[in-house]
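To start, the structure itself, in structure tokens.
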Amino acid sequence: MANGTSCEPFPNDPNRCTVILAIRHSMAAISMASSVFCLFVIWALRKYEHFSQRLILWLTVAAFFDSIAYVLGDLQGSATPYCTFQAFMLQYFDWASLLWVCCISFNLYWNVIRQRTSNHFEYIYHGICWLFPLLMASIPFAKTNGYRPAGLWCWISSDYVTMRFLLWYIPVWIAAIGLLATYIYIIYKLKKQVAAYQGTYNPETERNKELLKEDISGLKYYPLVYLVISLFPTINRVQNALNGERYMYGLLVLHTLFSPLQGFLNAIVFTFDKDTKSRLTVHQLWASIRSRFSKTHSVKPYEPEDSLRSGLLPAGNENTPLHSDFTPSSADEASPGRP
């Protein structure tokens with residue numbers, strides 16, 4: 001037990017605290033290693049040169065530091081500076097990760113539904129995803145001991161249950177449900193566009209359709225990651241609030257097991273992307289690494305198969321449709337662009 005502190009949630013069975021902390025640190029370490037792997041692949045294959053892949057890069061960076069916050073978590077008996085730092089870091093990078101997922105989803109919506117590039121939003125994305133979390137992580141400082149031990153690690157104090165839900169659980173579920181609704185709408189519109197397409201067969205158009213479906217198929221799992229990692233922590237905190245901070249061991253174990261898994265689950269989604277998976281061979285990675293340190297690049301860097309896949313068009317064409325030959329019928333064009 002860290003620093004000789006007692007096991008407050010289970011004072012009669014301190015071994016339970018030892019088990020839960022071991023699970024937390026193990027899951028966080030797995031997520032950290034998974035994030036490092038993703039960062040390495042993005043660097044080795046030069047995926048960061050393309051806008052849509054940079055969004056995944058920054059999501060991975062946020063998930064990496066979020067994993068560090070979970071690794072730092074330990075049993076604390078009082079609101080020490082270390083406890084406050086760990087709680088602030090956890091709140092900040094949880095929010096940063098969520099917002100980068102939202103930006104990825106908005107980017108896909110803008111490309112598919114509005115049929116416009118979104119490269120010019122990059123600095124706005126950074127402002128939102130790094131500054132807004134600072135606000136949400138700073139609010140608890142307005143309260144006395146806003147950050148303090150919250151069970152087996154530090155977070156927003158149990159004295160401020162309403163703040164816990166307003167600053168995290170309610171927003172995260174609104175966002176997760178909104179993201180899923182967005183993807184359902186995108187898939188619906190895509191199928192409607194394909195069904196309404198009229199004209200002679202065009203191989204390039206058919207290829208664009210397939211690429212678009214692949215993008216949606218891969219990216220749609222990022223909000224699902226948030227649903228998975230948020231379910232048991234939400235149930236556990238609701239149970240805590242309704243039962244005067246009396247803990248159920250099974251729920252706390254599930255909370256501890258899932259909450260640090262964001263980096264790991266993001267890595268699974270990232271790895272199973274069709275283009276990424278096809279390049280994850282020893283030969284490809286070794287050749288890519290060698291090319292990074294050679295004066296002449298013998299390996300072609302990562303390039304999306306189509307401008308539609310990367311969301312890129314020549315400079316100055318932000319308002320140009322992504323694929324002018326892939327258009328719905330006139331009746332569909334008259335329908336509103338948003339649900």
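Letters for chains follow the order of the structure tokens (A, B, ...), residue numbers begin at 1 for each chain, and ligand numbers begin at 1 in the order shown.
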
What's the 6 Å shell around Ser97 of chain A, counting only C-alpha atoms, without same-chain residues fewer than 3 positions away, as a PyMOL selection string? chain A and resi 59+62-63+93-94+100

Would you mind exporting C-alpha atoms of the selected residues as a PDB file, in the first residue's frame?
ATOM      1  CA  LEU A  59      -5.608  11.766 -30.727  1.00  0.00           C
ATOM      2  CA  ALA A  62      -3.602  12.799 -26.034  1.00  0.00           C
ATOM      3  CA  ALA A  63      -4.232   9.105 -25.302  1.00  0.00           C
ATOM      4  CA  PHE A  93      -6.226  14.520 -21.188  1.00  0.00           C
ATOM      5  CA  ASP A  94      -9.534  12.651 -20.897  1.00  0.00           C
ATOM      6  CA  TRP A 100      -9.987  14.848 -30.881  1.00  0.00           C
TER       7      TRP A 100
END

Using DSSP on the backbone coordinates, identify the residues of segment 44-190 of chain A assigned to strand (DSSP E or B); present them as a PyMOL selection string. chain A and resi 147-149+154-156

Counting only C-alpha atoms, the residue among A:Arg290, A:Arg54, A:His25, A:Arg237 that lies closest to Thr162 of chain A is A:Arg237

Interatomic distance, atom CA of Ile156 of chain A to atom CA of Pro14 of chain A (Å, one decimal):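 Taking atom CA of Ile156 of chain A and atom CA of Pro14 of chain A, their separation equals 22.9 Å.
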
Could you give me the residues within segment 104-207 of chain A that DSSP places in helix (DSSP H, G or I), as number ranges by chain? A: 104-112, 119-142, 158-196, 203-207

Store the residues picked out above, limited to C-alpha atoms, as a compact mmCIF listing (two decimals), in the first residue's frame.
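That gives us part_19.txt:
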# COMPACT_ATOMS: atom_id res chain seq x y z
CA ILE A 104 -12.26 13.28 -36.47
CA SER A 105 -16.02 12.76 -36.67
CA PHE A 106 -16.69 16.35 -37.74
CA ASN A 107 -13.95 16.05 -40.36
CA LEU A 108 -15.64 12.98 -41.83
CA TYR A 109 -19.03 14.72 -41.78
CA TRP A 110 -17.58 17.76 -43.54
CA ASN A 111 -15.92 15.62 -46.22
CA VAL A 112 -18.82 13.24 -46.85
CA ASN A 119 -7.69 21.31 -43.86
CA HIS A 120 -8.30 24.95 -42.99
CA PHE A 121 -9.90 23.85 -39.70
CA GLU A 122 -6.65 22.36 -38.38
CA TYR A 123 -5.67 25.30 -36.17
CA ILE A 124 -9.24 25.60 -34.90
CA TYR A 125 -9.14 21.91 -33.95
CA HIS A 126 -5.94 22.49 -31.98
CA GLY A 127 -7.40 25.49 -30.19
CA ILE A 128 -10.52 23.57 -29.16
CA CYS A 129 -8.81 20.30 -28.26
CA TRP A 130 -6.02 21.80 -26.12
CA LEU A 131 -7.61 24.93 -24.62
CA PHE A 132 -11.14 23.78 -23.76
CA PRO A 133 -9.82 20.85 -21.66
CA LEU A 134 -7.75 23.39 -19.73
CA LEU A 135 -10.98 25.14 -18.75
CA MET A 136 -12.74 21.91 -17.76
CA ALA A 137 -9.73 20.76 -15.72
CA SER A 138 -9.37 24.13 -13.97
CA ILE A 139 -12.95 24.50 -12.71
CA PRO A 140 -12.46 22.12 -9.72
CA PHE A 141 -9.79 24.51 -8.38
CA ALA A 142 -12.63 26.95 -7.67
CA SER A 158 -16.85 12.98 -3.78
CA ASP A 159 -18.06 16.12 -1.97
CA TYR A 160 -18.88 17.53 -5.39
CA VAL A 161 -20.84 14.72 -7.07
CA THR A 162 -22.75 17.15 -9.28
CA MET A 163 -19.49 18.60 -10.55
CA ARG A 164 -18.28 15.12 -11.47
CA PHE A 165 -21.25 14.56 -13.73
CA LEU A 166 -21.37 18.08 -15.17
CA LEU A 167 -17.65 18.16 -15.96
CA TRP A 168 -17.33 14.65 -17.34
CA TYR A 169 -19.97 11.92 -17.39
CA ILE A 170 -22.90 13.90 -18.81
CA PRO A 171 -20.79 15.58 -21.55
CA VAL A 172 -19.04 12.35 -22.51
CA TRP A 173 -22.30 10.48 -23.00
CA ILE A 174 -23.88 13.37 -24.91
CA ALA A 175 -20.80 13.41 -27.14
CA ALA A 176 -20.70 9.63 -27.60
CA ILE A 177 -24.39 9.41 -28.52
CA GLY A 178 -24.01 12.42 -30.81
CA LEU A 179 -21.02 10.81 -32.54
CA LEU A 180 -22.92 7.59 -33.14
CA ALA A 181 -25.90 9.54 -34.49
CA THR A 182 -23.56 11.42 -36.82
CA TYR A 183 -22.09 8.21 -38.19
CA ILE A 184 -25.53 6.69 -38.69
CA TYR A 185 -26.57 9.79 -40.62
CA ILE A 186 -23.38 9.72 -42.73
CA ILE A 187 -23.90 6.06 -43.61
CA TYR A 188 -27.56 6.75 -44.45
CA LYS A 189 -26.65 9.66 -46.73
CA LEU A 190 -23.88 7.68 -48.38
CA LYS A 191 -26.19 4.80 -49.19
CA LYS A 192 -28.78 7.25 -50.47
CA GLN A 193 -26.23 8.90 -52.73
CA VAL A 194 -25.06 5.57 -54.11
CA ALA A 195 -28.64 4.46 -54.77
CA ALA A 196 -29.51 7.78 -56.42
CA PRO A 203 -14.42 3.22 -62.73
CA GLU A 204 -13.03 6.26 -60.88
CA THR A 205 -16.43 7.03 -59.38
CA GLU A 206 -16.87 3.43 -58.27
CA ARG A 207 -13.42 3.53 -56.70

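Within 7 Å of segment 262-265 of chain A there are Ile30, Ser31, Met32, Ser34, Ser35, Thr60, Ala63, Phe64, Val225 and Ile229 of chain A, counting only C-alpha atoms and ignoring same-chain residues fewer than 6 positions away.
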
Considering only C-alpha atoms, can you say which of A:Thr144, A:Gln91, A:Asn15, A:Asn266 comes closest to Leu224 of chain A? A:Asn266

Shortest interatomic distance to Ile235 of chain A - which of A:Ala69, A:Ser259, A:Tyr222, A:Arg16, counting only C-alpha atoms: A:Ser259

Taking only C-alpha atoms into account, which of A:Tyr92, A:Phe40, A:Phe85, A:Phe258 comes nearest Arg148 of chain A?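 The closest residue to Arg148 of chain A is A:Phe85.
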